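See below for the structure under consideration.
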Amino acid sequence: MNTIKKIGILTSGGDCSGLNVAISGVVRAATLKGWTVYGIHDGTEGLTSDPLSYEILTLQGFSNTPWAKTAGSYLGSLNKGVNFDLLDMVAEKFKSGVQKLGLDALIVLGGDGSMGVLEYYCEKAGIRMIGIPKTIDNDTPLTDLSVGFRTACQVCMESIDNIETTARSHHRAMIVEVMGRDAGHLAMQSALAGYADICLVPEIPYTLEGIINKLEQIKSTGRTHAVIVVSEGIKTENGEVLSMCQNVLGEKVHGGIGEYLAQLLTKNYGGFQIRSTRLGHIQRSGHPIFSDRILATIFAAKAVELLDEGKTNLMVSLTNGHVVAQPLSEVIKAGSSTLKLDSSFIKAAKILGMYIGEI
Ligand code: F6P
């Protein structure tokens, strides 16, 4: 029997485009069922802080504002890592927050890391949980797509297009560093869509010689510019993943490999002048494109439907074109989903003559 009267919704981890579309969808569907929707501020912090930080989301309020269709998280989000030593202490505070608000269930917009932690908190608090996958990295397992990925690809593709104009003018090889953490989905798909010449991803080792050979081959065709896309998670020659900053727990956040490669190529190869651009957080901020808006909307509707059916501990997912529900335990067990070497994207890149490393 369904006893839901109040649900919470929060966004957890790095923000991305489409979060507000999903929040809006949940508010619309839940309100029609007569439920009250509590928007929790700043991820779990809104439920663990003193005083609690939240607002009631209504059709007349949040979902009728322009916020519903913009990037970012209207509710605020945290991307600060998890201190596992404090997990049970935070879980207790979370439980108390849930009890104060009288929540029956929580909808979590998060990536692979958030799903595991939030499932733990919700179980301790004795409430139901449904996850909606979101991340520009597209590394949430057991779903073909996560909310925000395709808008980030759009931003990267447009940046590649734009950078190619200056590469052509100055006869340069331009490196574009994109995010993605340890998964190459964002780099590979935007490189394919942007017709890049070289794409380096964490899943495939590369050599300096391989990059230079490709650049030489481009020159031999008479073309005087090139575009190289690199994923932030690829390693240096010494096997190191570079970082330019840390999260609040002191964990390294990837970044800087583009500039490293630019310097390495400049030192070892005179065939092209090299420049590097790190796209950075602009990748998380594009106006949600059609495919993210539709994905966020159908995920939101499914999440509310699952709660209405009395279900819990599930993550909505897109599998073979259908929105289905995956057990959270399976999602958590699967870990991060990286680029498969037999994927259509890798196959296409090879057939199209892109240098993607030693594969
Ligand atoms: O996971 C999303 C992501 O944007 C990664 O692609 C990137 O490595 C990281 O978050 C950046 O984190 P921060 O927001 O802490 O700089």
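Quick note on naming: the chains in the structure tokens go A, B, ... in the order shown, residues restart at 1 in each chain, and ligands are numbered from 1 in order of appearance.
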
| request: Go through stretch 124-202 of chain A and collect every residue that DSSP, computed from the backbone, puts in strand (DSSP E); the answer should be as a count of residues only. | output: 16

| query | What's the 12 Å shell around A:Arg223, counting only C-alpha atoms, without same-chain residues fewer than 2 positions away, as a list of chain:residue names? | reply |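 Contacts, in chain order: A:Ala167, A:Arg168, A:Ser169, A:His170, A:His171, A:Arg172, A:Ala173, A:Asp197, A:Lys214, A:Leu215, A:Glu216, A:Gln217, A:Ile218, A:Lys219, A:Ser220, A:Thr221, A:His225, A:Ala226, A:Val227, A:Gly271, A:Phe272.
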
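Shortest atom-to-atom contact with A:Cys199 among A:Lys340, A:Lys69, A:Lys350, A:Arg128: A:Lys350, counting only C-alpha atoms.
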
| task | Check which residues fall inside 9 Å of ligand 1 when counting only C-alpha atoms and all ligand atoms, and print them as a PyMOL selection string. | result | chain A and resi 13-16+78-81+111+135-139+178-183+186+232-233+245-248+252-255+280-281+283-284

Would you mind exporting the chosen residues as a short mmCIF file (atom, residue, chain, number, x, y, z; two decimals), in the first residue's frame, restricted to N, CA and C atoms?
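Dumped everything to selection00.cif:
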data_model
loop_
_atom_site.label_atom_id
_atom_site.label_comp_id
_atom_site.auth_asym_id
_atom_site.auth_seq_id
_atom_site.Cartn_x
_atom_site.Cartn_y
_atom_site.Cartn_z
N GLY A 13 26.55 15.76 -5.98
CA GLY A 13 27.68 15.66 -6.90
C GLY A 13 27.76 16.88 -7.81
N GLY A 14 28.64 16.80 -8.80
CA GLY A 14 28.81 17.93 -9.73
C GLY A 14 27.53 18.25 -10.47
N ASP A 15 27.24 19.53 -10.64
CA ASP A 15 25.99 19.86 -11.32
C ASP A 15 26.12 19.59 -12.82
N CYS A 16 25.01 19.70 -13.53
CA CYS A 16 25.02 19.52 -14.98
C CYS A 16 23.71 20.10 -15.50
N LEU A 78 26.49 19.53 -4.02
CA LEU A 78 27.84 19.42 -3.44
C LEU A 78 28.66 18.42 -4.23
N ASN A 79 29.92 18.77 -4.52
CA ASN A 79 30.81 17.83 -5.21
C ASN A 79 32.09 17.77 -4.38
N LYS A 80 31.95 17.30 -3.16
CA LYS A 80 33.11 17.41 -2.26
C LYS A 80 33.68 16.08 -1.81
N GLY A 81 33.23 14.97 -2.42
CA GLY A 81 33.75 13.68 -2.00
C GLY A 81 33.07 13.20 -0.72
N GLY A 111 25.22 10.83 -9.35
CA GLY A 111 26.03 9.92 -10.15
C GLY A 111 26.30 8.63 -9.39
N THR A 135 25.08 13.09 -14.79
CA THR A 135 26.50 13.43 -14.77
C THR A 135 26.98 13.72 -16.19
N ILE A 136 27.83 14.70 -16.32
CA ILE A 136 28.40 14.97 -17.65
C ILE A 136 29.39 13.86 -18.02
N ASP A 137 29.81 13.06 -17.04
CA ASP A 137 30.79 12.01 -17.33
C ASP A 137 30.15 10.77 -17.98
N ASN A 138 28.85 10.65 -17.85
CA ASN A 138 28.08 9.48 -18.35
C ASN A 138 28.64 8.15 -17.83
N ASP A 139 29.18 8.17 -16.63
CA ASP A 139 29.79 6.95 -16.10
C ASP A 139 28.93 6.23 -15.07
N VAL A 178 38.89 18.09 -22.18
CA VAL A 178 37.50 18.02 -21.68
C VAL A 178 37.46 17.21 -20.39
N MET A 179 36.36 17.35 -19.67
CA MET A 179 36.20 16.65 -18.39
C MET A 179 35.84 15.18 -18.63
N GLY A 180 35.34 14.53 -17.62
CA GLY A 180 34.94 13.13 -17.75
C GLY A 180 35.49 12.25 -16.66
N ARG A 181 36.36 12.83 -15.82
CA ARG A 181 37.01 12.07 -14.74
C ARG A 181 37.73 10.86 -15.32
N ASP A 182 37.42 9.62 -14.95
CA ASP A 182 38.17 8.46 -15.46
C ASP A 182 37.48 7.77 -16.63
N ALA A 183 36.47 8.43 -17.18
CA ALA A 183 35.74 7.83 -18.31
C ALA A 183 35.89 8.72 -19.55
N LEU A 186 32.72 11.47 -22.73
CA LEU A 186 32.54 12.87 -23.16
C LEU A 186 33.56 13.24 -24.23
N GLU A 232 40.44 14.61 -19.52
CA GLU A 232 41.24 15.04 -18.35
C GLU A 232 41.85 13.87 -17.57
N GLY A 233 41.29 12.67 -17.76
CA GLY A 233 41.75 11.52 -16.96
C GLY A 233 42.88 10.73 -17.59
N CYS A 245 43.62 21.16 -8.83
CA CYS A 245 42.98 21.59 -7.57
C CYS A 245 42.51 20.36 -6.79
N GLN A 246 41.98 20.62 -5.62
CA GLN A 246 41.53 19.53 -4.74
C GLN A 246 40.10 19.79 -4.29
N ASN A 247 39.40 18.73 -3.88
CA ASN A 247 38.10 18.97 -3.26
C ASN A 247 38.32 19.21 -1.76
N VAL A 248 37.23 19.42 -1.02
CA VAL A 248 37.42 19.81 0.38
C VAL A 248 38.04 18.70 1.24
N LYS A 252 42.44 14.90 -5.16
CA LYS A 252 42.77 15.63 -6.38
C LYS A 252 41.61 15.61 -7.37
N VAL A 253 41.38 16.76 -7.99
CA VAL A 253 40.39 16.86 -9.07
C VAL A 253 41.20 16.92 -10.37
N HIS A 254 40.84 16.06 -11.33
CA HIS A 254 41.62 15.97 -12.57
C HIS A 254 41.73 17.30 -13.31
N GLY A 255 42.84 17.49 -14.02
CA GLY A 255 42.96 18.67 -14.89
C GLY A 255 44.41 19.00 -15.18
N GLY A 280 37.00 23.23 -18.97
CA GLY A 280 36.61 23.47 -17.57
C GLY A 280 35.11 23.40 -17.32
N HIS A 281 34.67 24.17 -16.35
CA HIS A 281 33.30 24.02 -15.84
C HIS A 281 32.22 24.54 -16.78
N GLN A 283 31.59 23.25 -19.34
CA GLN A 283 30.97 22.02 -19.86
C GLN A 283 29.74 21.62 -19.05
N ARG A 284 29.63 22.13 -17.84
CA ARG A 284 28.49 21.74 -17.00
C ARG A 284 27.34 22.74 -17.11
#

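Of the residues under consideration (A:Gly46, A:Ile282, A:Leu314, A:Thr143), A:Ile282 shows the shortest atom-to-atom contact distance to A:Ser159 when counting only C-alpha atoms.
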
| field | Residues flagged alpha helix (DSSP H) by DSSP in stretch 120-194 of chain A, as JSON, numbers by chain | value | {"A": [120, 121, 122, 123, 124, 125, 149, 150, 151, 152, 153, 154, 155, 156, 157, 158, 159, 160, 161, 162, 163, 164, 165, 166, 167, 168, 169, 170, 185, 186, 187, 188, 189, 190, 191, 192, 193]}

| remark: A:Ser344 proximity check over A:Lys235, A:His185, A:Lys302, A:Arg278, using only C-alpha atoms: winner is A:His185

| Could you name the residues that touch A:Thr236 at 9 Å or less, counting only C-alpha atoms, but leaving out those on the same chain fewer than 5 positions away, as a ChimeraX atom specification? | /A:241-242,257,260-261

| note | Among A:Asp292, A:Ala191, A:Gln60, A:Asn213, A:Leu352 is approached most closely, using only C-alpha atoms, by A:Ala191

| task | Rank A:Ser96, A:Ser53, A:Asn20, A:Thr58 by their smallest atom-to-atom distance to A:Tyr74, using only C-alpha atoms, and report the top residue only. | result |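 Using only C-alpha atoms, the shortest distance to A:Tyr74 belongs to A:Asn20.
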
Counting only C-alpha atoms, which residues of stretch 306-333 of chain A fall within 9 Å of stretch 145-153 of chain A, and what is the closest atom pair for each with its distance in Å at one decimal, ordered by chain and rising number, as JSON lines?
{"residue": "A:Ser317", "atom": "CA", "partner": "A:Leu145", "partner_atom": "CA", "distance": 7.5}
{"residue": "A:Leu318", "atom": "CA", "partner": "A:Leu145", "partner_atom": "CA", "distance": 6.2}
{"residue": "A:Thr319", "atom": "CA", "partner": "A:Leu145", "partner_atom": "CA", "distance": 8.4}

| Expressed in Å to a single decimal, how great is the separation between atom CA of A:Ile294 and atom CA of A:Tyr38? | 23.1 Å

| said: Please list as a ChimeraX atom specification every residue within 8 Å of stretch 298-300 of chain A, counting only C-alpha atoms and excluding residues in the same chain fewer than 2 positions away. | reply: /A:22-23,25-26,29,132,294-296,302-304,316-317,323

Selected residues, C-alpha atoms, written as a PDB file, in the first residue's frame, please.
ATOM      1  CA  ALA A  22      14.079  16.772 -13.684  1.00  0.00           C
ATOM      2  CA  ILE A  23      13.205  18.636 -10.471  1.00  0.00           C
ATOM      3  CA  GLY A  25       9.121  17.052 -13.660  1.00  0.00           C
ATOM      4  CA  VAL A  26       9.079  15.515 -10.191  1.00  0.00           C
ATOM      5  CA  ALA A  29       4.013  14.600 -11.248  1.00  0.00           C
ATOM      6  CA  ILE A 132      17.843   9.546 -11.218  1.00  0.00           C
ATOM      7  CA  ILE A 294      13.286  14.799 -22.702  1.00  0.00           C
ATOM      8  CA  LEU A 295      15.510  12.382 -20.736  1.00  0.00           C
ATOM      9  CA  ALA A 296      15.168  14.377 -17.508  1.00  0.00           C
ATOM     10  CA  LYS A 302       9.257   7.244 -13.911  1.00  0.00           C
ATOM     11  CA  ALA A 303      10.733   8.071 -10.495  1.00  0.00           C
ATOM     12  CA  VAL A 304       7.377   9.341  -9.235  1.00  0.00           C
ATOM     13  CA  VAL A 316      15.634   4.851 -13.238  1.00  0.00           C
ATOM     14  CA  SER A 317      17.615   4.109 -16.361  1.00  0.00           C
ATOM     15  CA  VAL A 323      12.982   3.797 -19.313  1.00  0.00           C
TER      16      VAL A 323
END

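Note that the spacing between atom CA of A:Lys333 and atom CA of A:Met315 amounts to 13.0 Å.
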